[in-house]
Amino acid sequence: MNASVSEMKTRSTTRDDSLLIAGKPYLSRLLVGTGKYKDMEQTQQAIEASGAEIVTIAIRRTNIGQTPGEPNILEVISPERYTLLPNTAGCYTVEDAVRTCRLARELLDGHDLVKLEVLGDEKTLFPDITATLEAAEILINEDFKVMVYTNDDPIVAKRLEKMGCVAVMPLAAPIGSGLGIRNPYNIRTIVEEAEVPILVDAGVGTASDAAVAMELGCDGVLMNTAIAAAQNPVLMASAMKKAVEAGREAYLAGRMPRRRYASASSPLDGLFF
Amino acid sequence: MLIFVNGEERCINDSLTVDALLENLGYAGKRVAVEVNQEIIPRSQYTQTQLKDNDRVEVVRAIGGG
């Protein structure tokens, strides 16, 4: 019995249950960002503890945000070991987002997997959906493989999928807010309708939020601040890894139905009083 | 002549190539990507691409981000 459960678990977490993105299988369903860490050493330790295989990076001018003498992020997060996911964070227009992706492809020697986000305003960092759709179309026509950040609107999610995005990534809550999944019903609807991976991107605050996303049937979770802004980022990275795994297993296992009244766990037969 | 590198004015010698500019900036051999007037210059063309007066050059790299 125990052997077969562990066999099942091994099977489900190694071969059969890999996350397929743009044709490539991944064992980890946790995707992490590399922003907001104290230094490169902490970045590296947290990414390692998270077990993530897909790691986001940003593209910026060389004279911005560089601590003299600090190694380049690509020396710490090696493109040979990780699947890098350049993002278009900070882009508020179609042109800036497309330009950023083209530069990323040049920088990473033809690497074509990108995370597209076109933001609407600085206060909410909510996506500008019309601009996102427009940028996605241009990028897909240029043979980019687009993982797209969007809001939790099932209609838009479906449209992005139909256009050819390789993954659709609805927000749980505003970027960096840590508010958790604000609209689980919409996320569930998006998941039910989808034929590409659906990843919750942004808004996760702690491990239980990540577990909820996975229990809703999401294919993965992408996060940055929830780990980087924790008191102990490396420990939180480890917690997130477990939460994503636990949530996935719970989803696959199928939860019991909720009921309003109690149902005794011990048999009522054979009572001696 | 005058060019702009990452938004900052720079006075350079005439007929400077992208390759030589990167060398001057200390980015030789570093993992960067270059745009001149919003056109990407592939790495293989650094030595052939000469900069012109008023060119707007962007030199970018990967940094941590989410």
# chains A, B, ... in the order shown; residues from 1 in each chain; ligands from 1

call {"tool": "residues_around", "arguments": {"residues": "Gly110 in chain A", "least_positions_apart": "6", "cutoff": "12 Å", "atoms": "only C-alpha atoms", "output": "number ranges by chain"}}
result
A: 84, 101-104, 142-145; B: 33, 42-43

call {"tool": "closest_atom_pairs", "arguments": {"of": "chain B", "to": "chain A", "cutoff": "8 Å", "atoms": "only C-alpha atoms", "output": "Markdown table"}}
result
| residue | atom | partner | partner_atom | distance |
| --- | --- | --- | --- | --- |
| B:Asn6 | CA | A:Arg61 | CA | 6.3 |
| B:Arg31 | CA | A:Leu107 | CA | 6.8 |
| B:Val32 | CA | A:Leu107 | CA | 5.8 |
| B:Ala33 | CA | A:Leu107 | CA | 4.9 |
| B:Val34 | CA | A:Leu103 | CA | 7.6 |
| B:Glu35 | CA | A:Leu103 | CA | 7.8 |
| B:Gln38 | CA | A:Arg99 | CA | 8.0 |
| B:Ile40 | CA | A:Leu103 | CA | 6.9 |
| B:Pro42 | CA | A:Glu106 | CA | 6.8 |
| B:Glu58 | CA | A:Arg61 | CA | 6.9 |
| B:Val59 | CA | A:Arg61 | CA | 5.7 |
| B:Val60 | CA | A:Arg61 | CA | 4.2 |
| B:Arg61 | CA | A:Ile59 | CA | 5.6 |
| B:Ala62 | CA | A:Ile59 | CA | 4.7 |
| B:Ile63 | CA | A:Ala58 | CA | 5.3 |
| B:Gly64 | CA | A:Gly35 | CA | 4.4 |
| B:Gly65 | CA | A:Gly35 | CA | 3.8 |
| B:Gly66 | CA | A:Gly33 | CA | 3.8 |

call {"tool": "write_last_selection", "arguments": {"atoms": "C-alpha atoms", "output": "compact mmCIF listing (two decimals), in the first residue's frame"}}
result
# COMPACT_ATOMS: atom_id res chain seq x y z
CA ASN B 6 21.97 55.26 -22.53
CA ARG B 31 26.99 40.04 -21.99
CA VAL B 32 25.21 43.10 -23.41
CA ALA B 33 22.92 43.90 -26.32
CA VAL B 34 23.16 47.06 -28.40
CA GLU B 35 20.62 49.22 -30.19
CA GLN B 38 16.22 51.68 -31.99
CA ILE B 40 19.38 46.12 -32.85
CA PRO B 42 23.80 41.94 -33.83
CA GLU B 58 21.42 51.84 -25.94
CA VAL B 59 23.54 49.23 -24.20
CA VAL B 60 21.46 46.82 -22.12
CA ARG B 61 22.06 43.79 -19.97
CA ALA B 62 20.10 41.38 -17.82
CA ILE B 63 19.39 42.31 -14.20
CA GLY B 64 17.27 40.79 -11.47
CA GLY B 65 13.56 41.25 -12.04
CA GLY B 66 10.24 39.54 -11.50

call {"tool": "residues_around", "arguments": {"residues": "Val18 in chain B", "least_positions_apart": "2", "cutoff": "10 Å", "atoms": "only C-alpha atoms", "output": "number ranges by chain"}}
result
B: 15-16, 20-24, 34-36, 41, 43, 45-51, 57

call {"tool": "select_by_dssp", "arguments": {"residues": "chain B", "states": "strand (DSSP E)", "output": "ChimeraX atom specification"}}
result
/B:2-5,8-11,33-36,39-41,56-64

call {"tool": "atom_distance", "arguments": {"atom1": "CA of Tyr185 in chain A", "atom2": "CA of Met163 in chain A"}}
result
23.8 Å

call {"tool": "atom_distance", "arguments": {"atom1": "CA of Lys162 in chain A", "atom2": "CA of Pro197 in chain A"}}
result
12.7 Å

call {"tool": "residues_around", "arguments": {"residues": "range 189-192 of chain A", "least_positions_apart": "6", "cutoff": "10 Å", "atoms": "only C-alpha atoms", "output": "list in words"}}
result
Asp152, Asp153, Pro154, Ile155, Val156, Ala157, Lys158, Val168, Met169, Pro170, Ile198, Leu199, Leu216, Gly217, Cys218 and Asp219 of chain A

call {"tool": "residues_around", "arguments": {"residues": "Leu2 in chain B", "least_positions_apart": "5", "cutoff": "7 Å", "atoms": "only C-alpha atoms", "output": "PyMOL selection string"}}
result
chain B and resi 9-12+53-54

call {"tool": "write_last_selection", "arguments": {"atoms": "N, CA and C atoms", "output": "PDB file, in the first residue's frame"}}
result
ATOM      1  N   GLU B   9      25.006  62.188 -22.964  1.00  0.00           N
ATOM      2  CA  GLU B   9      25.848  62.701 -24.069  1.00  0.00           C
ATOM      3  C   GLU B   9      27.280  62.205 -23.936  1.00  0.00           C
ATOM      4  N   ARG B  10      27.852  61.862 -25.074  1.00  0.00           N
ATOM      5  CA  ARG B  10      29.266  61.457 -25.058  1.00  0.00           C
ATOM      6  C   ARG B  10      29.943  62.000 -26.305  1.00  0.00           C
ATOM      7  N   CYS B  11      31.115  62.543 -26.099  1.00  0.00           N
ATOM      8  CA  CYS B  11      31.898  63.032 -27.218  1.00  0.00           C
ATOM      9  C   CYS B  11      32.833  61.909 -27.649  1.00  0.00           C
ATOM     10  N   ILE B  12      32.774  61.534 -28.922  1.00  0.00           N
ATOM     11  CA  ILE B  12      33.634  60.431 -29.379  1.00  0.00           C
ATOM     12  C   ILE B  12      34.374  60.825 -30.657  1.00  0.00           C
ATOM     13  N   ASP B  53      27.188  61.011 -36.052  1.00  0.00           N
ATOM     14  CA  ASP B  53      26.827  62.122 -35.179  1.00  0.00           C
ATOM     15  C   ASP B  53      25.362  61.985 -34.752  1.00  0.00           C
ATOM     16  N   ASN B  54      25.101  62.237 -33.489  1.00  0.00           N
ATOM     17  CA  ASN B  54      23.742  62.208 -32.940  1.00  0.00           C
ATOM     18  C   ASN B  54      23.102  60.827 -32.817  1.00  0.00           C
TER      19      ASN B  54
END

call {"tool": "atom_distance", "arguments": {"atom1": "CA of Glu137 in chain A", "atom2": "CA of Val118 in chain A"}}
result
12.8 Å

call {"tool": "select_by_dssp", "arguments": {"residues": "chain B", "states": "alpha helix (DSSP H)", "output": "NGL selection string"}}
result
:B and (18-25)

call {"tool": "write_last_selection", "arguments": {"atoms": "N, CA and C atoms", "output": "tab-separated table (two decimals), in the first residue's frame"}}
result
chain	number	residue	atom	x	y	z
B	18	VAL	N	30.94	50.34	-33.07
B	18	VAL	CA	30.23	49.87	-31.87
B	18	VAL	C	31.19	49.06	-31.00
B	19	ASP	N	31.99	48.25	-31.67
B	19	ASP	CA	32.97	47.42	-30.98
B	19	ASP	C	33.92	48.27	-30.12
B	20	ALA	N	34.43	49.35	-30.73
B	20	ALA	CA	35.37	50.23	-30.03
B	20	ALA	C	34.66	50.99	-28.90
B	21	LEU	N	33.42	51.38	-29.15
B	21	LEU	CA	32.67	52.08	-28.10
B	21	LEU	C	32.51	51.17	-26.87
B	22	LEU	N	32.13	49.91	-27.12
B	22	LEU	CA	31.95	48.97	-26.00
B	22	LEU	C	33.25	48.77	-25.24
B	23	GLU	N	34.33	48.73	-26.00
B	23	GLU	CA	35.67	48.61	-25.39
B	23	GLU	C	35.94	49.81	-24.47
B	24	ASN	N	35.66	51.02	-25.00
B	24	ASN	CA	35.86	52.25	-24.22
B	24	ASN	C	35.01	52.27	-22.95
B	25	LEU	N	33.82	51.72	-23.06
B	25	LEU	CA	32.89	51.76	-21.93
B	25	LEU	C	33.18	50.65	-20.90

call {"tool": "residues_around", "arguments": {"residues": "range 47-54 of chain A", "least_positions_apart": "4", "cutoff": "6 Å", "atoms": "only C-alpha atoms", "output": "number ranges by chain"}}
result
A: 28, 30-31, 82-84, 237-238, 241

call {"tool": "decode", "arguments": {"residues": "range 4-33 of chain B", "atoms": "N, CA and C atoms", "output": "PDB file, in the first residue's frame"}}
result
ATOM      1  N   PHE B   4      24.707  59.784 -28.042  1.00  0.00           N
ATOM      2  CA  PHE B   4      24.050  59.569 -26.748  1.00  0.00           C
ATOM      3  C   PHE B   4      24.139  58.085 -26.415  1.00  0.00           C
ATOM      4  N   VAL B   5      24.709  57.806 -25.242  1.00  0.00           N
ATOM      5  CA  VAL B   5      24.797  56.417 -24.801  1.00  0.00           C
ATOM      6  C   VAL B   5      23.930  56.273 -23.554  1.00  0.00           C
ATOM      7  N   ASN B   6      22.922  55.439 -23.643  1.00  0.00           N
ATOM      8  CA  ASN B   6      21.971  55.263 -22.530  1.00  0.00           C
ATOM      9  C   ASN B   6      21.475  56.610 -22.002  1.00  0.00           C
ATOM     10  N   GLY B   7      21.182  57.500 -22.936  1.00  0.00           N
ATOM     11  CA  GLY B   7      20.600  58.784 -22.578  1.00  0.00           C
ATOM     12  C   GLY B   7      21.610  59.856 -22.216  1.00  0.00           C
ATOM     13  N   GLU B   8      22.887  59.477 -22.054  1.00  0.00           N
ATOM     14  CA  GLU B   8      23.897  60.478 -21.678  1.00  0.00           C
ATOM     15  C   GLU B   8      24.735  60.885 -22.884  1.00  0.00           C
ATOM     16  N   GLU B   9      25.006  62.188 -22.964  1.00  0.00           N
ATOM     17  CA  GLU B   9      25.848  62.701 -24.069  1.00  0.00           C
ATOM     18  C   GLU B   9      27.280  62.205 -23.936  1.00  0.00           C
ATOM     19  N   ARG B  10      27.852  61.862 -25.074  1.00  0.00           N
ATOM     20  CA  ARG B  10      29.266  61.457 -25.058  1.00  0.00           C
ATOM     21  C   ARG B  10      29.943  62.000 -26.305  1.00  0.00           C
ATOM     22  N   CYS B  11      31.115  62.543 -26.099  1.00  0.00           N
ATOM     23  CA  CYS B  11      31.898  63.032 -27.218  1.00  0.00           C
ATOM     24  C   CYS B  11      32.833  61.909 -27.649  1.00  0.00           C
ATOM     25  N   ILE B  12      32.774  61.534 -28.922  1.00  0.00           N
ATOM     26  CA  ILE B  12      33.634  60.431 -29.379  1.00  0.00           C
ATOM     27  C   ILE B  12      34.374  60.825 -30.657  1.00  0.00           C
ATOM     28  N   ASN B  13      35.408  60.064 -30.962  1.00  0.00           N
ATOM     29  CA  ASN B  13      36.135  60.277 -32.217  1.00  0.00           C
ATOM     30  C   ASN B  13      35.263  59.890 -33.393  1.00  0.00           C
ATOM     31  N   ASP B  14      35.466  60.560 -34.505  1.00  0.00           N
ATOM     32  CA  ASP B  14      34.754  60.179 -35.727  1.00  0.00           C
ATOM     33  C   ASP B  14      35.106  58.737 -36.074  1.00  0.00           C
ATOM     34  N   SER B  15      34.187  58.106 -36.741  1.00  0.00           N
ATOM     35  CA  SER B  15      34.346  56.739 -37.248  1.00  0.00           C
ATOM     36  C   SER B  15      34.626  55.696 -36.160  1.00  0.00           C
ATOM     37  N   LEU B  16      34.133  55.955 -34.968  1.00  0.00           N
ATOM     38  CA  LEU B  16      34.221  54.945 -33.921  1.00  0.00           C
ATOM     39  C   LEU B  16      33.219  53.824 -34.232  1.00  0.00           C
ATOM     40  N   THR B  17      33.649  52.588 -34.055  1.00  0.00           N
ATOM     41  CA  THR B  17      32.709  51.467 -34.277  1.00  0.00           C
ATOM     42  C   THR B  17      32.014  51.115 -32.948  1.00  0.00           C
ATOM     43  N   VAL B  18      30.937  50.344 -33.070  1.00  0.00           N
ATOM     44  CA  VAL B  18      30.232  49.872 -31.870  1.00  0.00           C
ATOM     45  C   VAL B  18      31.188  49.059 -31.002  1.00  0.00           C
ATOM     46  N   ASP B  19      31.987  48.246 -31.675  1.00  0.00           N
ATOM     47  CA  ASP B  19      32.972  47.422 -30.977  1.00  0.00           C
ATOM     48  C   ASP B  19      33.920  48.274 -30.124  1.00  0.00           C
ATOM     49  N   ALA B  20      34.429  49.354 -30.734  1.00  0.00           N
ATOM     50  CA  ALA B  20      35.371  50.230 -30.026  1.00  0.00           C
ATOM     51  C   ALA B  20      34.657  50.986 -28.899  1.00  0.00           C
ATOM     52  N   LEU B  21      33.420  51.380 -29.145  1.00  0.00           N
ATOM     53  CA  LEU B  21      32.670  52.076 -28.097  1.00  0.00           C
ATOM     54  C   LEU B  21      32.507  51.167 -26.872  1.00  0.00           C
ATOM     55  N   LEU B  22      32.132  49.906 -27.116  1.00  0.00           N
ATOM     56  CA  LEU B  22      31.945  48.970 -25.996  1.00  0.00           C
ATOM     57  C   LEU B  22      33.255  48.769 -25.243  1.00  0.00           C
ATOM     58  N   GLU B  23      34.332  48.728 -25.998  1.00  0.00           N
ATOM     59  CA  GLU B  23      35.668  48.607 -25.393  1.00  0.00           C
ATOM     60  C   GLU B  23      35.935  49.809 -24.471  1.00  0.00           C
ATOM     61  N   ASN B  24      35.663  51.021 -25.002  1.00  0.00           N
ATOM     62  CA  ASN B  24      35.862  52.250 -24.221  1.00  0.00           C
ATOM     63  C   ASN B  24      35.008  52.268 -22.946  1.00  0.00           C
ATOM     64  N   LEU B  25      33.819  51.724 -23.064  1.00  0.00           N
ATOM     65  CA  LEU B  25      32.894  51.756 -21.928  1.00  0.00           C
ATOM     66  C   LEU B  25      33.184  50.651 -20.901  1.00  0.00           C
ATOM     67  N   GLY B  26      34.106  49.775 -21.272  1.00  0.00           N
ATOM     68  CA  GLY B  26      34.434  48.670 -20.372  1.00  0.00           C
ATOM     69  C   GLY B  26      33.485  47.491 -20.495  1.00  0.00           C
ATOM     70  N   TYR B  27      32.754  47.433 -21.595  1.00  0.00           N
ATOM     71  CA  TYR B  27      31.801  46.328 -21.780  1.00  0.00           C
ATOM     72  C   TYR B  27      32.304  45.273 -22.763  1.00  0.00           C
ATOM     73  N   ALA B  28      33.561  45.375 -23.164  1.00  0.00           N
ATOM     74  CA  ALA B  28      34.099  44.389 -24.114  1.00  0.00           C
ATOM     75  C   ALA B  28      33.998  42.997 -23.508  1.00  0.00           C
ATOM     76  N   GLY B  29      33.448  42.067 -24.278  1.00  0.00           N
ATOM     77  CA  GLY B  29      33.332  40.690 -23.805  1.00  0.00           C
ATOM     78  C   GLY B  29      32.234  40.478 -22.778  1.00  0.00           C
ATOM     79  N   LYS B  30      31.562  41.553 -22.376  1.00  0.00           N
ATOM     80  CA  LYS B  30      30.469  41.408 -21.395  1.00  0.00           C
ATOM     81  C   LYS B  30      29.176  41.050 -22.127  1.00  0.00           C
ATOM     82  N   ARG B  31      28.265  40.450 -21.378  1.00  0.00           N
ATOM     83  CA  ARG B  31      26.993  40.042 -21.986  1.00  0.00           C
ATOM     84  C   ARG B  31      26.054  41.245 -22.057  1.00  0.00           C
ATOM     85  N   VAL B  32      26.080  41.926 -23.202  1.00  0.00           N
ATOM     86  CA  VAL B  32      25.214  43.096 -23.415  1.00  0.00           C
ATOM     87  C   VAL B  32      24.543  42.968 -24.787  1.00  0.00           C
ATOM     88  N   ALA B  33      23.526  43.792 -24.994  1.00  0.00           N
ATOM     89  CA  ALA B  33      22.924  43.903 -26.322  1.00  0.00           C
ATOM     90  C   ALA B  33      22.902  45.386 -26.671  1.00  0.00           C
TER      91      ALA B  33
END
